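Text of run.csv (CSV, C-alpha atoms) as supplied:
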```
chain,number,residue,atom,x,y,z
E,1,MET,CA,0.0,0.0,0.0
E,2,LYS,CA,1.4,3.4,-1.0
E,3,LYS,CA,1.9,5.9,1.7
E,4,LYS,CA,0.5,9.4,1.7
E,5,LEU,CA,3.2,12.0,1.0
E,6,LEU,CA,3.6,15.5,2.2
E,7,ILE,CA,6.2,17.7,0.3
E,8,ILE,CA,7.5,20.7,2.3
E,9,LEU,CA,8.8,23.6,0.2
E,10,PRO,CA,10.4,26.5,2.3
E,11,ALA,CA,10.3,29.6,0.2
E,12,PHE,CA,11.6,33.2,0.5
E,13,ASN,CA,11.2,35.5,-2.5
E,14,GLU,CA,11.1,32.7,-5.0
E,15,GLU,CA,8.4,34.1,-7.3
E,16,LYS,CA,10.5,33.2,-10.4
E,17,THR,CA,10.5,29.5,-9.7
E,18,ILE,CA,7.8,28.7,-7.2
E,19,TYR,CA,4.9,28.2,-9.6
E,20,LYS,CA,6.7,25.7,-11.9
E,21,THR,CA,8.2,23.9,-8.9
E,22,VAL,CA,4.8,23.5,-7.2
E,23,LYS,CA,3.1,22.3,-10.4
E,24,GLU,CA,5.7,19.6,-10.9
E,25,LEU,CA,5.6,18.5,-7.2
E,26,LYS,CA,1.8,18.2,-7.1
E,27,LYS,CA,2.1,15.2,-9.5
E,28,HIS,CA,3.7,13.3,-6.6
E,29,GLY,CA,2.1,14.4,-3.4
E,30,PHE,CA,0.5,17.2,-1.3
E,31,VAL,CA,2.6,20.3,-1.4
E,32,LEU,CA,3.0,22.6,1.5
E,33,VAL,CA,4.8,25.9,0.9
E,34,ILE,CA,6.2,27.7,4.0
E,35,ASN,CA,6.4,31.3,2.8
E,36,ASP,CA,9.0,32.9,5.0
E,37,SER,CA,7.5,36.4,4.9
E,38,SER,CA,8.4,37.0,1.2
E,39,SER,CA,8.1,40.5,-0.1
E,40,ASP,CA,7.4,39.4,-3.7
E,41,LYS,CA,4.6,37.3,-5.1
E,42,THR,CA,5.8,33.9,-3.8
E,43,LYS,CA,2.6,33.3,-1.8
E,44,ASP,CA,0.3,34.3,-4.7
E,45,TYR,CA,2.0,32.1,-7.2
E,46,ALA,CA,2.2,29.1,-4.8
E,47,LEU,CA,-1.5,29.3,-4.2
E,48,GLU,CA,-2.2,29.7,-7.9
E,49,ALA,CA,-0.2,26.6,-8.6
E,50,GLY,CA,-2.3,24.6,-6.1
E,51,ALA,CA,-0.1,24.5,-2.9
E,52,LYS,CA,-1.3,25.0,0.6
E,53,VAL,CA,0.6,28.0,2.0
E,54,ILE,CA,1.6,28.8,5.6
E,55,THR,CA,3.2,32.3,5.9
E,56,ASN,CA,5.6,33.2,8.7
E,57,LYS,CA,4.7,36.5,10.3
E,58,LYS,CA,8.3,37.7,9.9
E,59,ASN,CA,11.4,36.3,8.1
E,60,LEU,CA,12.5,33.4,10.4
E,61,GLY,CA,14.9,31.4,8.2
E,62,TYR,CA,15.1,28.1,6.5
E,63,GLU,CA,15.3,25.8,9.5
E,64,PHE,CA,12.4,27.4,11.3
E,65,SER,CA,10.4,27.1,8.1
E,66,ILE,CA,11.2,23.3,8.0
E,67,ASN,CA,10.2,23.1,11.6
E,68,THR,CA,6.8,24.6,10.9
E,69,GLY,CA,6.3,22.1,8.1
E,70,ILE,CA,7.1,19.2,10.3
E,71,LYS,CA,4.6,20.4,12.9
E,72,TYR,CA,1.9,20.4,10.1
E,73,PHE,CA,3.0,16.9,9.0
E,74,LEU,CA,2.7,15.4,12.4
E,75,LYS,CA,-0.7,16.9,13.0
E,76,ASN,CA,-2.2,15.6,9.8
E,77,LYS,CA,-2.7,12.2,8.1
E,78,PHE,CA,0.5,11.8,6.2
E,79,ASP,CA,2.8,8.8,6.3
E,80,ILE,CA,6.0,10.1,4.7
E,81,LEU,CA,7.6,13.5,4.3
E,82,ILE,CA,10.0,15.0,1.7
E,83,THR,CA,11.6,18.4,1.9
E,84,ILE,CA,13.0,20.2,-1.2
E,85,ASP,CA,14.1,23.7,-1.9
E,86,ALA,CA,12.1,26.2,-4.0
E,87,ASP,CA,14.9,27.7,-6.0
E,88,GLY,CA,15.1,24.9,-8.7
E,89,GLU,CA,18.7,23.8,-7.7
E,90,LEU,CA,17.3,20.4,-6.6
E,91,PRO,CA,15.5,18.7,-9.6
E,92,VAL,CA,11.9,17.5,-8.8
E,93,LYS,CA,12.6,14.4,-10.9
E,94,TYR,CA,14.2,12.8,-7.9
E,95,VAL,CA,11.1,13.0,-5.7
E,96,PRO,CA,9.5,9.8,-7.1
E,97,SER,CA,12.7,7.8,-6.2
E,98,PHE,CA,12.7,9.2,-2.7
E,99,LYS,CA,9.1,8.3,-2.3
E,100,LYS,CA,9.7,4.8,-3.5
E,101,LEU,CA,12.6,4.4,-1.1
E,102,LEU,CA,10.5,5.6,1.8
E,103,ASN,CA,7.9,3.0,1.0
E,104,LYS,CA,10.7,0.4,1.6
E,105,ASN,CA,12.8,-0.2,4.8
E,106,TYR,CA,14.7,3.1,4.9
E,107,ASP,CA,14.1,5.6,7.7
E,108,ILE,CA,15.7,8.7,6.2
E,109,ILE,CA,16.7,9.4,2.6
E,110,CYS,CA,19.3,12.1,2.1
E,111,GLY,CA,20.3,13.7,-1.2
E,112,VAL,CA,24.0,13.9,-2.0
E,113,ARG,CA,24.6,16.7,-4.4
E,114,SER,CA,27.0,16.3,-7.4
E,115,LYS,CA,28.0,20.0,-7.1
E,116,LEU,CA,28.7,22.3,-4.2
E,117,PHE,CA,28.9,26.0,-4.9
E,118,ARG,CA,29.7,27.7,-1.5
E,119,VAL,CA,33.0,27.4,0.2
E,120,SER,CA,31.4,27.3,3.6
E,121,GLU,CA,29.3,24.3,2.6
E,122,LYS,CA,32.4,22.5,1.2
E,123,ILE,CA,34.2,22.9,4.6
E,124,PHE,CA,31.2,21.8,6.6
E,125,ILE,CA,30.6,18.8,4.5
E,126,PHE,CA,34.2,17.8,4.5
E,127,LEU,CA,34.2,17.8,8.3
E,128,SER,CA,30.9,15.9,8.4
E,129,ARG,CA,32.3,13.2,6.2
E,130,ILE,CA,35.3,12.7,8.5
E,131,PHE,CA,33.5,12.9,11.9
E,132,LEU,CA,30.0,11.7,11.1
E,133,ASP,CA,30.3,9.7,7.9
E,134,LEU,CA,27.6,11.9,6.4
E,135,LYS,CA,28.2,12.9,2.8
E,136,ASP,CA,25.9,15.9,2.4
E,137,PRO,CA,23.9,16.7,5.5
E,138,LEU,CA,23.1,20.2,4.1
E,139,CYS,CA,21.2,19.0,1.0
E,140,GLY,CA,17.7,20.3,1.1
E,141,LEU,CA,16.3,17.2,-0.5
E,142,LYS,CA,15.5,14.7,2.3
E,143,GLY,CA,12.8,12.2,3.1
E,144,TYR,CA,11.5,10.9,6.5
E,145,LYS,CA,9.1,8.3,7.7
E,146,LYS,CA,6.4,9.5,10.2
E,147,TYR,CA,7.4,7.2,13.0
E,148,PHE,CA,10.9,8.6,13.0
E,149,LEU,CA,9.7,12.2,13.3
E,150,LYS,CA,7.1,11.3,15.9
E,151,LYS,CA,9.8,9.7,18.1
E,152,TYR,CA,12.6,12.2,17.7
E,153,TYR,CA,10.8,15.6,17.0
E,154,SER,CA,11.3,17.8,20.0
E,155,GLY,CA,9.8,21.1,18.7
E,156,LYS,CA,12.8,23.1,19.8
E,157,LYS,CA,14.3,25.8,17.5
E,158,SER,CA,17.5,24.7,15.8
E,159,ASN,CA,19.8,26.1,13.2
E,160,PHE,CA,20.6,22.7,11.8
E,161,ILE,CA,17.4,20.7,12.5
E,162,CYS,CA,17.7,18.4,9.4
E,163,THR,CA,21.4,17.7,10.1
E,164,GLU,CA,20.5,16.8,13.7
E,165,TYR,CA,18.0,14.2,12.5
E,166,LEU,CA,20.7,12.6,10.4
E,167,VAL,CA,23.0,12.5,13.5
E,168,ILE,CA,20.2,11.0,15.6
E,169,ALA,CA,19.6,8.3,13.0
E,170,LYS,CA,23.3,7.5,12.9
E,171,LYS,CA,23.5,7.2,16.7
E,172,ASN,CA,20.5,4.9,16.7
E,173,ASN,CA,21.7,2.7,13.8
E,174,LEU,CA,18.7,3.5,11.7
E,175,ASN,CA,18.7,3.0,7.9
E,176,ILE,CA,19.8,6.1,6.0
E,177,PHE,CA,19.9,5.9,2.2
E,178,LYS,CA,22.3,8.4,0.5
E,179,ASN,CA,20.8,9.2,-2.9
E,180,LYS,CA,23.1,10.9,-5.4
E,181,ILE,CA,21.5,13.8,-7.3
E,182,ASN,CA,22.7,16.0,-10.1
E,183,ASN,CA,21.8,19.4,-8.9
E,184,LYS,CA,21.8,22.7,-10.8
E,185,LEU,CA,23.4,26.0,-10.3
E,186,ARG,CA,20.7,28.3,-9.0
E,187,LYS,CA,20.2,31.7,-10.6
E,188,GLY,CA,21.1,34.5,-8.3
E,189,ASN,CA,22.1,34.2,-4.6
E,190,SER,CA,20.5,31.9,-2.1
E,191,ARG,CA,17.5,33.6,-0.4
E,192,PHE,CA,18.1,31.7,2.8
E,193,GLY,CA,21.5,33.0,3.7
E,194,SER,CA,25.0,32.8,2.3
E,195,SER,CA,27.1,31.5,5.1
E,196,ILE,CA,27.3,28.6,7.6
E,197,PHE,CA,28.6,29.4,11.1
```

If you convert what's in this file into structure tokens, what do you get?
Amino acid sequence: MKKKLLIILPAFNEEKTIYKTVKELKKHGFVLVINDSSSDKTKDYALEAGAKVITNKKNLGYEFSINTGIKYFLKNKFDILITIDADGELPVKYVPSFKKLLNKNYDIICGVRSKLFRVSEKIFIFLSRIFLDLKDPLCGLKGYKKYFLKKYYSGKKSNFICTEYLVIAKKNNLNIFKNKINNKLRKGNSRFGSSIF
């Protein structure tokens, strides 16, 4: 039996890509856009494309937006969750394979990007490979089973909530599948910050 999928799409001033991205994602599951108080037409285009939209009252950042989406996921009748960025860097074509893997025995699916564009990301990921055996914990394309999030979701604010889940899974010897993806160079700078501290 196929499981019901929620796709979380954090978005901040992504009016150029949000409509097309939502339209493509709706073929695979229910799309929830977390609009991080955008000043452009991100919300309008997301609604027009058929997504449900939750808007932060002020700009709170990527991880807080993911956290908001997870709360919605846990309160509603979904079985599996996939997160993906709204800027088009992570191709939607990988969502079906993530969904298929989550219907199997894997607890978390983590994308491993073919290209990294920021020096700060390269340094962080280099260290994570050495100390945590995690190849790309910062990739925005991830998948989770509901029982995992129900057990380990704390509700606390975190600057690296998705990376923390991977660490938790590693510590508890859960099944993590690292799925290679050919990502694209996004147009313009990232709307969700340009450095990792």

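Coordinates place atom CA of Arg118 of chain E at a distance of 28.1 Å from atom CA of Lys171 of chain E.
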
Problem set entry | Counting only C-alpha atoms, the residue of E:Val167, E:Ile80, E:Ala51, E:Leu60 that sits nearest Ser37 of chain E | E:Leu60

Exercise. For the atom pair atom CA of Thr42 of chain E and atom CA of Glu164 of chain E, what is the interatomic distance in Å to one decimal place?
Worked result: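 Atom-to-atom, atom CA of Thr42 of chain E and atom CA of Glu164 of chain E are spaced 28.5 Å apart.
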
Exercise. Looking at only C-alpha atoms, which of E:Ile54, E:Val33, E:Leu138, E:Ile108 is the one that sits closest to Leu174 of chain E?
Worked result: E:Ile108

For this session: Considering all atoms listed in the file, state which residue in the set E:Leu116, E:Ala86, E:Leu32, E:Ile66 is at the smallest distance from Ala11 of chain E.
Result: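 Of the candidates, the smallest distance to Ala11 of chain E is held by E:Ala86.
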
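Note that atom CA of Ile7 of chain E and atom CA of Ile82 of chain E are 4.9 Å apart.
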
For this session: Rank nothing, just name the residue among E:Phe98, E:Phe64, E:Phe73, E:Phe177 nearest to Lys135 of chain E, using only C-alpha atoms.
Result: E:Phe177

For this session: Quick one: everything within 10 Å of Leu6 of chain E, counting all atoms listed in the file, minus sequence neighbours fewer than 4 positions away in the same chain. Send it as a list in words.
Result: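 After dropping sequence-adjacent residues, the list is Lys26, His28, Gly29, Phe30, Val31, Leu32, Gly69, Ile70, Tyr72, Phe73, Asn76, Lys77, Phe78, Asp79, Ile80, Leu81, Ile82, Thr83 and Gly143 of chain E.
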
Assuming the input is short of atoms at segment 49-60 of chain E, produce all heavy atoms for that part as a PDB file, keeping the file's coordinate frame.
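Saved the output as selection04.pdb:
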```
ATOM      1  N   ALA E  49      -0.660  27.854  -8.081  1.00  0.00           N
ATOM      2  CA  ALA E  49      -0.200  26.600  -8.600  1.00  0.00           C
ATOM      3  C   ALA E  49      -0.839  25.386  -7.859  1.00  0.00           C
ATOM      4  O   ALA E  49      -0.694  24.240  -8.285  1.00  0.00           O
ATOM      5  CB  ALA E  49       1.324  26.475  -8.444  1.00  0.00           C
ATOM      6  N   GLY E  50      -1.544  25.673  -6.743  1.00  0.00           N
ATOM      7  CA  GLY E  50      -2.300  24.600  -6.100  1.00  0.00           C
ATOM      8  C   GLY E  50      -1.692  24.128  -4.745  1.00  0.00           C
ATOM      9  O   GLY E  50      -2.111  23.093  -4.216  1.00  0.00           O
ATOM     10  N   ALA E  51      -0.736  24.863  -4.187  1.00  0.00           N
ATOM     11  CA  ALA E  51      -0.100  24.500  -2.900  1.00  0.00           C
ATOM     12  C   ALA E  51      -0.945  25.023  -1.744  1.00  0.00           C
ATOM     13  O   ALA E  51      -1.645  26.031  -1.879  1.00  0.00           O
ATOM     14  CB  ALA E  51       1.296  24.976  -2.814  1.00  0.00           C
ATOM     15  N   LYS E  52      -0.822  24.374  -0.599  1.00  0.00           N
ATOM     16  CA  LYS E  52      -1.300  25.000   0.600  1.00  0.00           C
ATOM     17  C   LYS E  52      -0.116  25.857   1.112  1.00  0.00           C
ATOM     18  O   LYS E  52       1.055  25.468   1.006  1.00  0.00           O
ATOM     19  CB  LYS E  52      -1.589  23.944   1.706  1.00  0.00           C
ATOM     20  CG  LYS E  52      -1.987  24.573   3.057  1.00  0.00           C
ATOM     21  CD  LYS E  52      -2.377  23.561   4.093  1.00  0.00           C
ATOM     22  CE  LYS E  52      -2.657  24.232   5.435  1.00  0.00           C
ATOM     23  NZ  LYS E  52      -3.753  25.234   5.360  1.00  0.00           N
ATOM     24  N   VAL E  53      -0.410  27.050   1.630  1.00  0.00           N
ATOM     25  CA  VAL E  53       0.600  28.000   2.000  1.00  0.00           C
ATOM     26  C   VAL E  53       0.476  28.378   3.493  1.00  0.00           C
ATOM     27  O   VAL E  53      -0.608  28.771   3.919  1.00  0.00           O
ATOM     28  CB  VAL E  53       0.651  29.244   1.149  1.00  0.00           C
ATOM     29  CG1 VAL E  53       1.738  30.215   1.621  1.00  0.00           C
ATOM     30  CG2 VAL E  53       0.870  28.879  -0.320  1.00  0.00           C
ATOM     31  N   ILE E  54       1.552  28.258   4.249  1.00  0.00           N
ATOM     32  CA  ILE E  54       1.600  28.800   5.600  1.00  0.00           C
ATOM     33  C   ILE E  54       2.662  29.929   5.549  1.00  0.00           C
ATOM     34  O   ILE E  54       3.784  29.720   5.083  1.00  0.00           O
ATOM     35  CB  ILE E  54       2.060  27.754   6.631  1.00  0.00           C
ATOM     36  CG1 ILE E  54       1.000  26.650   6.740  1.00  0.00           C
ATOM     37  CG2 ILE E  54       2.302  28.395   8.004  1.00  0.00           C
ATOM     38  CD1 ILE E  54       1.383  25.514   7.669  1.00  0.00           C
ATOM     39  N   THR E  55       2.283  31.118   6.002  1.00  0.00           N
ATOM     40  CA  THR E  55       3.200  32.300   5.900  1.00  0.00           C
ATOM     41  C   THR E  55       3.695  32.649   7.321  1.00  0.00           C
ATOM     42  O   THR E  55       2.902  32.872   8.240  1.00  0.00           O
ATOM     43  CB  THR E  55       2.480  33.484   5.303  1.00  0.00           C
ATOM     44  OG1 THR E  55       2.100  33.158   3.954  1.00  0.00           O
ATOM     45  CG2 THR E  55       3.399  34.699   5.273  1.00  0.00           C
ATOM     46  N   ASN E  56       5.019  32.707   7.469  1.00  0.00           N
ATOM     47  CA  ASN E  56       5.600  33.200   8.700  1.00  0.00           C
ATOM     48  C   ASN E  56       5.324  34.690   8.846  1.00  0.00           C
ATOM     49  O   ASN E  56       5.417  35.430   7.870  1.00  0.00           O
ATOM     50  CB  ASN E  56       7.118  32.956   8.730  1.00  0.00           C
ATOM     51  CG  ASN E  56       7.481  31.478   8.689  1.00  0.00           C
ATOM     52  OD1 ASN E  56       6.709  30.634   9.135  1.00  0.00           O
ATOM     53  ND2 ASN E  56       8.661  31.177   8.161  1.00  0.00           N
ATOM     54  N   LYS E  57       5.006  35.127  10.068  1.00  0.00           N
ATOM     55  CA  LYS E  57       4.700  36.500  10.300  1.00  0.00           C
ATOM     56  C   LYS E  57       5.873  37.458  10.026  1.00  0.00           C
ATOM     57  O   LYS E  57       5.716  38.619   9.679  1.00  0.00           O
ATOM     58  CB  LYS E  57       4.157  36.741  11.700  1.00  0.00           C
ATOM     59  CG  LYS E  57       2.796  36.074  11.938  1.00  0.00           C
ATOM     60  CD  LYS E  57       2.309  36.315  13.345  1.00  0.00           C
ATOM     61  CE  LYS E  57       0.956  35.639  13.559  1.00  0.00           C
ATOM     62  NZ  LYS E  57       0.446  35.840  14.950  1.00  0.00           N
ATOM     63  N   LYS E  58       7.069  36.917  10.220  1.00  0.00           N
ATOM     64  CA  LYS E  58       8.300  37.700   9.900  1.00  0.00           C
ATOM     65  C   LYS E  58       9.302  36.662   9.339  1.00  0.00           C
ATOM     66  O   LYS E  58       9.123  35.452   9.441  1.00  0.00           O
ATOM     67  CB  LYS E  58       8.846  38.384  11.103  1.00  0.00           C
ATOM     68  CG  LYS E  58       9.227  37.480  12.260  1.00  0.00           C
ATOM     69  CD  LYS E  58       9.774  38.307  13.416  1.00  0.00           C
ATOM     70  CE  LYS E  58      10.164  37.404  14.594  1.00  0.00           C
ATOM     71  NZ  LYS E  58      10.713  38.192  15.715  1.00  0.00           N
ATOM     72  N   ASN E  59      10.363  37.176   8.748  1.00  0.00           N
ATOM     73  CA  ASN E  59      11.400  36.300   8.100  1.00  0.00           C
ATOM     74  C   ASN E  59      12.135  35.568   9.257  1.00  0.00           C
ATOM     75  O   ASN E  59      12.828  36.177  10.062  1.00  0.00           O
ATOM     76  CB  ASN E  59      12.340  37.149   7.316  1.00  0.00           C
ATOM     77  CG  ASN E  59      13.337  36.294   6.571  1.00  0.00           C
ATOM     78  OD1 ASN E  59      14.508  36.237   6.953  1.00  0.00           O
ATOM     79  ND2 ASN E  59      12.913  35.630   5.530  1.00  0.00           N
ATOM     80  N   LEU E  60      11.990  34.235   9.279  1.00  0.00           N
ATOM     81  CA  LEU E  60      12.500  33.400  10.400  1.00  0.00           C
ATOM     82  C   LEU E  60      13.640  32.485   9.948  1.00  0.00           C
ATOM     83  O   LEU E  60      14.305  31.897  10.789  1.00  0.00           O
ATOM     84  CB  LEU E  60      11.404  32.643  11.038  1.00  0.00           C
ATOM     85  CG  LEU E  60      10.312  33.497  11.683  1.00  0.00           C
ATOM     86  CD1 LEU E  60       9.121  32.639  12.086  1.00  0.00           C
ATOM     87  CD2 LEU E  60      10.860  34.241  12.899  1.00  0.00           C
TER      88      LEU E  60
END
```
